[in-house]
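Undergrad: This structure is in structure tokens; I'll ask about it shortly.
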Amino acid sequence: MSYDDVEIEDMEWSEELQAYTFPCPCGDLFQITRDDLRLGEDVARCPSCSLYITVIYSAEDFAGGTGKQSLEPSKQQPVAVA
Ligand SMILES: [Zn+2]
């Protein structure tokens, strides 16, 4: 069981840790990186204790942010009006 469910908007981005953080009751911080989120990970763990939280976020916000979009030429189908 996770300690809590936390929305990504309620977490704080840490430049130092390069991770989203949320205060853990033990005094440390739950942490989850952008890469974790991109991989579909939704569990932020505290490095100092065994607690973890479930992060609520929209996968689309992180999935393939820098990914290449295959630009297929759109198949033009002449509309035949019979
Ligand atoms: Zn902790």
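Residues are named by chain letter and number: chains run A, B, ... in the order of the structure tokens, numbers start at 1 in each chain, and ligands are numbered from 1 in the order shown.
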Step by step, measure atom-to-atom distances between ligand 1 and each residue using only C-alpha atoms and all ligand atoms, keep those at most 12 Å, then write them as a PyMOL selection string.
TA: chain A and resi 3+21-31+44-53
Undergrad: Go ahead and dump the residues you just picked, N, CA and C atoms, as an mmCIF file, in the first residue's frame.
TA:
data_model
loop_
_atom_site.group_PDB
_atom_site.id
_atom_site.type_symbol
_atom_site.label_atom_id
_atom_site.label_comp_id
_atom_site.auth_asym_id
_atom_site.auth_seq_id
_atom_site.Cartn_x
_atom_site.Cartn_y
_atom_site.Cartn_z
ATOM 1 N N TYR A 3 1.744 5.122 0.635
ATOM 2 C CA TYR A 3 1.462 6.035 1.738
ATOM 3 C C TYR A 3 0.374 7.027 1.360
ATOM 4 N N THR A 21 9.603 16.106 -6.225
ATOM 5 C CA THR A 21 9.720 15.712 -4.826
ATOM 6 C C THR A 21 8.444 16.030 -4.059
ATOM 7 N N PHE A 22 8.280 15.314 -2.968
ATOM 8 C CA PHE A 22 7.145 15.551 -2.081
ATOM 9 C C PHE A 22 7.600 15.170 -0.682
ATOM 10 N N PRO A 23 7.262 16.008 0.301
ATOM 11 C CA PRO A 23 7.754 15.751 1.663
ATOM 12 C C PRO A 23 7.294 14.408 2.221
ATOM 13 N N CYS A 24 8.217 13.659 2.739
ATOM 14 C CA CYS A 24 7.924 12.386 3.396
ATOM 15 C C CYS A 24 7.818 12.646 4.895
ATOM 16 N N PRO A 25 6.932 11.937 5.567
ATOM 17 C CA PRO A 25 6.793 12.148 7.019
ATOM 18 C C PRO A 25 8.084 11.894 7.799
ATOM 19 N N CYS A 26 9.025 11.176 7.197
ATOM 20 C CA CYS A 26 10.273 10.899 7.918
ATOM 21 C C CYS A 26 11.213 12.091 7.867
ATOM 22 N N GLY A 27 10.860 13.105 7.047
ATOM 23 C CA GLY A 27 11.717 14.283 6.973
ATOM 24 C C GLY A 27 12.487 14.368 5.674
ATOM 25 N N ASP A 28 12.549 13.267 4.943
ATOM 26 C CA ASP A 28 13.215 13.267 3.641
ATOM 27 C C ASP A 28 12.176 13.575 2.559
ATOM 28 N N LEU A 29 12.509 13.286 1.334
ATOM 29 C CA LEU A 29 11.604 13.591 0.229
ATOM 30 C C LEU A 29 11.339 12.372 -0.636
ATOM 31 N N PHE A 30 10.081 12.184 -0.967
ATOM 32 C CA PHE A 30 9.761 11.215 -2.015
ATOM 33 C C PHE A 30 10.311 11.789 -3.312
ATOM 34 N N GLN A 31 10.811 10.933 -4.183
ATOM 35 C CA GLN A 31 11.396 11.426 -5.421
ATOM 36 C C GLN A 31 11.008 10.563 -6.609
ATOM 37 N N ALA A 44 6.769 7.170 -6.436
ATOM 38 C CA ALA A 44 7.876 7.990 -5.955
ATOM 39 C C ALA A 44 8.310 7.430 -4.605
ATOM 40 N N ARG A 45 9.591 7.112 -4.508
ATOM 41 C CA ARG A 45 10.083 6.494 -3.281
ATOM 42 C C ARG A 45 10.905 7.459 -2.445
ATOM 43 N N CYS A 46 10.890 7.196 -1.163
ATOM 44 C CA CYS A 46 11.729 7.956 -0.250
ATOM 45 C C CYS A 46 13.018 7.169 -0.047
ATOM 46 N N PRO A 47 14.161 7.821 -0.238
ATOM 47 C CA PRO A 47 15.434 7.107 -0.093
ATOM 48 C C PRO A 47 15.776 6.770 1.354
ATOM 49 N N SER A 48 15.071 7.388 2.289
ATOM 50 C CA SER A 48 15.441 7.211 3.691
ATOM 51 C C SER A 48 14.565 6.236 4.464
ATOM 52 N N CYS A 49 13.432 5.886 3.895
ATOM 53 C CA CYS A 49 12.570 4.944 4.585
ATOM 54 C C CYS A 49 11.873 4.086 3.540
ATOM 55 N N SER A 50 10.971 3.257 3.945
ATOM 56 C CA SER A 50 10.364 2.312 3.009
ATOM 57 C C SER A 50 9.055 2.808 2.426
ATOM 58 N N LEU A 51 8.691 4.038 2.767
ATOM 59 C CA LEU A 51 7.423 4.571 2.264
ATOM 60 C C LEU A 51 7.527 4.967 0.793
ATOM 61 N N TYR A 52 6.390 4.988 0.135
ATOM 62 C CA TYR A 52 6.333 5.502 -1.225
ATOM 63 C C TYR A 52 4.953 6.072 -1.493
ATOM 64 N N ILE A 53 4.879 6.895 -2.515
ATOM 65 C CA ILE A 53 3.597 7.480 -2.885
ATOM 66 C C ILE A 53 3.292 7.137 -4.333
#
Undergrad: Run DSSP on the backbone of this structure and report the residues of chain A it assigns to strand (DSSP E), as a list of chain:residue names.
TA: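 Residues of chain A classed as strand (DSSP E): A:Asp4, A:Asp5, A:Val6, A:Glu7, A:Glu12, A:Trp13, A:Ser14, A:Ala19, A:Tyr20, A:Thr21, A:Phe22, A:Pro23, A:Leu29, A:Phe30, A:Gln31, A:Ile32, A:Val43, A:Ala44, A:Arg45, A:Tyr52, A:Ile53, A:Thr54, A:Val55, A:Ile56.
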Undergrad: Using N, CA and C atoms, can you write the selected residues to a file as a CSV table (one decimal), in the first residue's frame?
TA:
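The result, written out as part-v7.csv:
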chain,number,residue,atom,x,y,z
A,4,ASP,N,0.4,7.5,0.1
A,4,ASP,CA,-0.5,8.5,-0.3
A,4,ASP,C,-0.6,8.6,-1.9
A,5,ASP,N,-1.6,9.2,-2.4
A,5,ASP,CA,-1.7,9.5,-3.8
A,5,ASP,C,-1.5,11.0,-3.9
A,6,VAL,N,-0.6,11.4,-4.8
A,6,VAL,CA,-0.3,12.8,-4.9
A,6,VAL,C,-0.3,13.2,-6.4
A,7,GLU,N,-0.9,14.3,-6.7
A,7,GLU,CA,-0.9,14.7,-8.1
A,7,GLU,C,0.4,15.4,-8.4
A,12,GLU,N,7.0,19.1,-6.1
A,12,GLU,CA,7.8,20.2,-6.4
A,12,GLU,C,9.0,19.7,-7.2
A,13,TRP,N,9.3,20.4,-8.3
A,13,TRP,CA,10.5,20.0,-9.1
A,13,TRP,C,11.8,20.5,-8.4
A,14,SER,N,12.7,19.6,-8.3
A,14,SER,CA,14.0,20.0,-7.7
A,14,SER,C,15.1,20.0,-8.7
A,19,ALA,N,14.4,15.8,-10.0
A,19,ALA,CA,13.3,14.9,-9.8
A,19,ALA,C,12.1,15.7,-9.1
A,20,TYR,N,11.0,15.2,-9.3
A,20,TYR,CA,9.8,15.7,-8.6
A,20,TYR,C,9.9,15.2,-7.2
A,21,THR,N,9.6,16.1,-6.2
A,21,THR,CA,9.7,15.7,-4.8
A,21,THR,C,8.4,16.0,-4.1
A,22,PHE,N,8.3,15.3,-3.0
A,22,PHE,CA,7.1,15.6,-2.1
A,22,PHE,C,7.6,15.2,-0.7
A,23,PRO,N,7.3,16.0,0.3
A,23,PRO,CA,7.8,15.8,1.7
A,23,PRO,C,7.3,14.4,2.2
A,29,LEU,N,12.5,13.3,1.3
A,29,LEU,CA,11.6,13.6,0.2
A,29,LEU,C,11.3,12.4,-0.6
A,30,PHE,N,10.1,12.2,-1.0
A,30,PHE,CA,9.8,11.2,-2.0
A,30,PHE,C,10.3,11.8,-3.3
A,31,GLN,N,10.8,10.9,-4.2
A,31,GLN,CA,11.4,11.4,-5.4
A,31,GLN,C,11.0,10.6,-6.6
A,32,ILE,N,10.8,11.2,-7.7
A,32,ILE,CA,10.5,10.5,-9.0
A,32,ILE,C,11.1,11.4,-10.1
A,43,VAL,N,5.4,5.5,-9.1
A,43,VAL,CA,5.7,5.4,-7.7
A,43,VAL,C,7.0,6.2,-7.4
A,44,ALA,N,6.8,7.2,-6.4
A,44,ALA,CA,7.9,8.0,-6.0
A,44,ALA,C,8.3,7.4,-4.6
A,45,ARG,N,9.6,7.1,-4.5
A,45,ARG,CA,10.1,6.5,-3.3
A,45,ARG,C,10.9,7.5,-2.4
A,52,TYR,N,6.4,5.0,0.1
A,52,TYR,CA,6.3,5.5,-1.2
A,52,TYR,C,5.0,6.1,-1.5
A,53,ILE,N,4.9,6.9,-2.5
A,53,ILE,CA,3.6,7.5,-2.9
A,53,ILE,C,3.3,7.1,-4.3
A,54,THR,N,2.0,7.2,-4.7
A,54,THR,CA,1.6,7.0,-6.0
A,54,THR,C,1.4,8.4,-6.6
A,55,VAL,N,2.0,8.6,-7.8
A,55,VAL,CA,1.9,9.9,-8.4
A,55,VAL,C,0.8,9.9,-9.5
A,56,ILE,N,-0.1,10.8,-9.4
A,56,ILE,CA,-1.1,11.0,-10.3
A,56,ILE,C,-0.7,11.9,-11.4
Undergrad: Can you measure CA of Glu16 in chain A to CA of Asp35 in chain A for me? One decimal in Å is fine.
TA: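 Taking CA of Glu16 in chain A and CA of Asp35 in chain A, their separation equals 15.4 Å.
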Undergrad: I'd like the interatomic distance between CA of Leu17 in chain A and CA of Glu60 in chain A, to a tenth of an Å.
TA: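 So the answer is 23.0 Å.
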Undergrad: Name the closest residue to Glu9 in chain A among the candidates A:Asp42, A:Pro78, A:Arg34, A:Tyr57; distances are taken between atoms, counting only C-alpha atoms.
TA: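 Closest residue, counting only C-alpha atoms: A:Tyr57.
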Undergrad: Using CA of Ile8 in chain A and CA of Leu37 in chain A as the two end points, give the distance in Å to one decimal.
TA: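 So the two atoms, CA of Ile8 in chain A and CA of Leu37 in chain A, lie 10.1 Å apart.
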